[in-house]
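Notes to accompany the following structure.
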Amino acid sequence: MLVLGIESSCDETACAVVEDGRKVLSNVVATQIAEHRLYGGVVPEIASRRHSENVLGVAKAALADAGCEIGDIGAVAVTFAPGLIGALLVGVSFAKGLAISCGKPLVPVHHIAGHIASLYLSGPLEPPFLCLVASGGHSLIVEVLNYTEFRVVGRTHDDAAGECFDKAARVLGYPYPGGKFIDEAAKNGDPTAFSLPRPKIPGCPFDFSFSGLKTAVVNLAHNAEQRGESLNKADVAASFQRAVSSVLVEKLMLAAKELGYQKIAVAGGVSANSGVRAAVAEACKMSGRQLFLPDLKFCGDNGAMIASQGYYDFIVGRCAGADLNGRATMSLEELNI
């Protein structure tokens, strides 16, 4: 079965064709990074307008790259939650029109479930497993009970890990999106140069808090500026990346131990970070657990992950009608209801 996946939750207009939830036949992404970089972050109105301009061309390119026509598609899957509401509505409206006009089933996909499905495109992983989903807007530890049922056991109380990377990068003078610049700078820095906080949430052993860590980096930069001192940005980047990685991995491995999981996975944009990958790989090696990571090309937002999850959602009958709407916020566990 071929599924056309459409993703427009933030600033990437993406479409892909995936066969049987696993085999990627095409994966086309129109990025808006260069435009949003001028403003230091995503401007929702601009993102929505660019999605409107790009979505038809991206969908046509995905079908062409896959060597198929819309008649060959078994279902149209689209991200409907969570995300920037204007951006979501572009993808949802396009998907509804396409599905209705072509007589195809319409499958609504949760964005986080899509990130988890990126792992199915990258290897032989099958549920159940424990997954850390870390991105610009989300930081969750999720029990993946099966392909369509999830239980969130850990979450951030404030900033997401990816958001924290971008904000720390901004104060250090790196352009948007800052995560990859922090990663590159960290390779030339001393991760022990600065002592940065590792917040803990009383009574919530698997939860995260990154606002204090972000503030610590902001204070480092501002204090150095006020004193007229030159801050070694590589050392700050390395120390910061080490702190974020240690918090994410500590919580993930604690949850794995307490809940009895041997299969561990990481997904989302932050799963591309070399420091996070190295830290979780070392922790899994030390504890004898299996680690699954998405291919780098599937870490960020993409249509292939939506098509993959759409296939599994379609199998269990999760289809929508013309009344499908976008939702800016929606917990992953609401899918189980």
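Following the order of the structure tokens, chains are lettered A, B, ..., residues in each are numbered from 1, and ligands are numbered from 1.
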
* Asked: Any idea what's packed within 12 Å of Pro202 (chain A), counting only C-alpha atoms, ignoring anything in its chain fewer than 6 positions away? Could you give it as a PyMOL selection string?
  -> chain A and resi 157+208-209

* Asked: What lies within 7 Å of Gly303 (chain A) using only C-alpha atoms, ignoring chain neighbours under 2 positions off, as a list of chain:residue names?
  -> A:Gly5, A:Ile6, A:Glu7, A:Ala14, A:Cys15, A:Ala16, A:Asn27, A:Met305, A:Ile306, A:Ala307

* Expressed in Å to a single decimal, how great is the separation between CA of Leu38 (chain A) and CA of Ala168 (chain A)? ->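 Separation between CA of Leu38 (chain A) and CA of Ala168 (chain A): 17.3 Å.
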
* Which polymer residues have any atom within 7 Å of an atom of Gln309 (chain A), counting only C-alpha atoms, with same-chain residues fewer than 6 positions away left out, as number ranges by chain? -> A: 21, 109, 113-114, 117

* **Residue neighbourhood Asp295 (chain A), 8 Å, only C-alpha atoms, exclusion window fewer than 3 positions, as a ChimeraX atom specification** => /A:119,122,298-299

Based on the selection just made, write N, CA and C atoms of those residues as a compact mmCIF listing (two decimals), in the first residue's frame.
# COMPACT_ATOMS: atom_id res chain seq x y z
N LEU A 119 11.60 6.05 12.98
CA LEU A 119 12.46 4.91 13.33
C LEU A 119 12.15 3.68 12.49
N SER A 122 14.12 3.56 9.32
CA SER A 122 15.57 3.53 9.49
C SER A 122 16.11 2.17 9.93
N PHE A 298 15.89 11.70 8.46
CA PHE A 298 14.54 11.58 8.99
C PHE A 298 14.40 12.18 10.39
N CYS A 299 15.44 12.84 10.89
CA CYS A 299 15.37 13.42 12.24
C CYS A 299 14.48 14.66 12.28

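Among the candidate residues A:Leu196, A:Pro128, A:Val142, A:Pro205, the one lying nearest to Asn219 (chain A) is A:Leu196, with distances computed using only C-alpha atoms.
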
* Contacts of Ile46 (chain A) within 9 Å, only C-alpha atoms, excl. fewer than 3 positions in-chain, as a VMD selection string -> chain A and resid 11 35 to 36 42 to 43 49 to 51

* Of the listed residues A:Arg318, A:Arg277, A:Lys23, A:Arg37, that which approaches Tyr176 (chain A) most closely, counting only C-alpha atoms ->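 Among the listed residues, A:Arg37 lies closest to Tyr176 (chain A).
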
Excluding Ala265 (chain A) and its own-chain neighbours fewer than 6 positions away, which residues fall within 8 Å of it when counting only C-alpha atoms? Please give them as a PDB file with C-alpha atoms, in the first residue's frame.
ATOM      1  CA  LEU A 119      12.461   4.915  13.335  1.00  0.00           C
ATOM      2  CA  PHE A 129      10.020   0.035  23.066  1.00  0.00           C
ATOM      3  CA  LEU A 130      10.851   3.176  25.038  1.00  0.00           C
ATOM      4  CA  CYS A 131      11.449   6.333  23.014  1.00  0.00           C
ATOM      5  CA  LEU A 132      12.861   9.756  23.815  1.00  0.00           C
ATOM      6  CA  LEU A 291      19.630   1.433  20.779  1.00  0.00           C
ATOM      7  CA  PHE A 292      17.702   2.556  17.698  1.00  0.00           C
ATOM      8  CA  LEU A 293      18.298   5.939  16.067  1.00  0.00           C
TER       9      LEU A 293
END

* Asked: Got a sec: who's within 12 Å of Ile315 (chain A), counting only C-alpha atoms, leaving out chain neighbours fewer than 3 positions off, as a PyMOL selection string?
  -> chain A and resi 1+3+20-21+74-75+105+107+147-148+308-312+318-319

Could you write out the selected residues, including N, CA and C atoms, as a PDB file, in the first residue's frame?
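For reference, result-v1.pdb as written:
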ATOM      1  N   MET A   1       0.843  -1.199   0.000  1.00  0.00           N
ATOM      2  CA  MET A   1       0.000   0.000   0.000  1.00  0.00           C
ATOM      3  C   MET A   1       0.872   1.241   0.000  1.00  0.00           C
ATOM      4  N   VAL A   3       1.210   5.257   0.659  1.00  0.00           N
ATOM      5  CA  VAL A   3       0.603   6.358   1.402  1.00  0.00           C
ATOM      6  C   VAL A   3       1.356   7.640   1.070  1.00  0.00           C
ATOM      7  N   ASP A  20       3.894   0.522   2.466  1.00  0.00           N
ATOM      8  CA  ASP A  20       3.679  -0.376   3.603  1.00  0.00           C
ATOM      9  C   ASP A  20       4.334   0.121   4.896  1.00  0.00           C
ATOM     10  N   GLY A  21       4.409   1.434   5.062  1.00  0.00           N
ATOM     11  CA  GLY A  21       4.900   2.007   6.297  1.00  0.00           C
ATOM     12  C   GLY A  21       6.400   1.945   6.499  1.00  0.00           C
ATOM     13  N   GLY A  74      -2.921   4.753  -1.911  1.00  0.00           N
ATOM     14  CA  GLY A  74      -3.998   4.104  -1.174  1.00  0.00           C
ATOM     15  C   GLY A  74      -4.650   4.998  -0.145  1.00  0.00           C
ATOM     16  N   ALA A  75      -3.898   5.985   0.383  1.00  0.00           N
ATOM     17  CA  ALA A  75      -4.442   6.896   1.395  1.00  0.00           C
ATOM     18  C   ALA A  75      -3.585   8.149   1.437  1.00  0.00           C
ATOM     19  N   PRO A 105      -8.933   7.630   1.133  1.00  0.00           N
ATOM     20  CA  PRO A 105      -9.092   7.805   2.583  1.00  0.00           C
ATOM     21  C   PRO A 105      -8.156   8.895   3.090  1.00  0.00           C
ATOM     22  N   VAL A 107      -6.172  10.264   6.397  1.00  0.00           N
ATOM     23  CA  VAL A 107      -5.683   9.761   7.677  1.00  0.00           C
ATOM     24  C   VAL A 107      -5.027  10.902   8.461  1.00  0.00           C
ATOM     25  N   TYR A 147       2.046   0.115  17.403  1.00  0.00           N
ATOM     26  CA  TYR A 147       2.227   1.139  16.370  1.00  0.00           C
ATOM     27  C   TYR A 147       1.297   2.341  16.534  1.00  0.00           C
ATOM     28  N   THR A 148       0.221   2.184  17.264  1.00  0.00           N
ATOM     29  CA  THR A 148      -0.766   3.265  17.353  1.00  0.00           C
ATOM     30  C   THR A 148      -1.174   3.618  18.781  1.00  0.00           C
ATOM     31  N   SER A 308       4.515   7.047   6.971  1.00  0.00           N
ATOM     32  CA  SER A 308       4.724   5.795   7.695  1.00  0.00           C
ATOM     33  C   SER A 308       3.697   5.615   8.803  1.00  0.00           C
ATOM     34  N   GLN A 309       3.555   6.631   9.661  1.00  0.00           N
ATOM     35  CA  GLN A 309       2.574   6.525  10.735  1.00  0.00           C
ATOM     36  C   GLN A 309       1.155   6.466  10.177  1.00  0.00           C
ATOM     37  N   GLY A 310       0.921   7.162   9.068  1.00  0.00           N
ATOM     38  CA  GLY A 310      -0.384   7.126   8.439  1.00  0.00           C
ATOM     39  C   GLY A 310      -0.784   5.735   8.003  1.00  0.00           C
ATOM     40  N   TYR A 311       0.175   4.963   7.550  1.00  0.00           N
ATOM     41  CA  TYR A 311      -0.093   3.574   7.159  1.00  0.00           C
ATOM     42  C   TYR A 311      -0.609   2.772   8.347  1.00  0.00           C
ATOM     43  N   TYR A 312       0.085   2.884   9.482  1.00  0.00           N
ATOM     44  CA  TYR A 312      -0.316   2.102  10.663  1.00  0.00           C
ATOM     45  C   TYR A 312      -1.642   2.615  11.242  1.00  0.00           C
ATOM     46  N   ARG A 318      -8.134   4.536  11.624  1.00  0.00           N
ATOM     47  CA  ARG A 318      -8.140   5.956  11.978  1.00  0.00           C
ATOM     48  C   ARG A 318      -8.204   6.803  10.717  1.00  0.00           C
ATOM     49  N   CYS A 319      -9.407   7.055  10.285  1.00  0.00           N
ATOM     50  CA  CYS A 319      -9.618   7.895   9.114  1.00  0.00           C
ATOM     51  C   CYS A 319     -10.508   9.072   9.500  1.00  0.00           C
TER      52      CYS A 319
END

Between region 122-228 of chain A and region 79-102 of chain A, at 12 Å or less, what are the per-residue closest atom pairs and their distances in Å? Count only C-alpha atoms, order by chain and rising residue number, and return it as JSON lines.
{"residue": "A:Gly136", "atom": "CA", "partner": "A:Gly83", "partner_atom": "CA", "distance": 10.9}
{"residue": "A:Gly137", "atom": "CA", "partner": "A:Gly83", "partner_atom": "CA", "distance": 8.4}
{"residue": "A:His138", "atom": "CA", "partner": "A:Pro82", "partner_atom": "CA", "distance": 10.0}

For the residues selected in the previous step, produce a file with C-alpha atoms as a PDB file, in the first residue's frame.
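As a result, selection35.pdb now contains:
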ATOM      1  CA  GLY A 136      12.273  22.189  19.035  1.00  0.00           C
ATOM      2  CA  GLY A 137       8.787  21.996  20.497  1.00  0.00           C
ATOM      3  CA  HIS A 138       8.707  18.733  22.427  1.00  0.00           C
TER       4      HIS A 138
END

* Asked: Which is closest to Asn188 (chain A) among A:Ala234, A:Leu332, A:Val24, A:Cys164, if we use only C-alpha atoms?
  -> A:Ala234

* To do: Mind giving me the straight-line distance from CA of Ser331 (chain A) to CA of Ala161 (chain A) in Å, one decimal?
  => 17.6 Å

* To do: Using DSSP on the backbone, list every residue of region 132-284 of chain A that comes out as alpha helix (DSSP H), and give them as a VMD selection string.
  => chain A and resid 161 to 171 179 to 186 211 to 227 233 to 259 274 to 284

* Asked: Quick one: DSSP strand (DSSP E or B) residues in region 32-240 of chain A, as a ChimeraX atom specification?
  -> /A:75-81,106-110,129-134,139-144,150-156,208
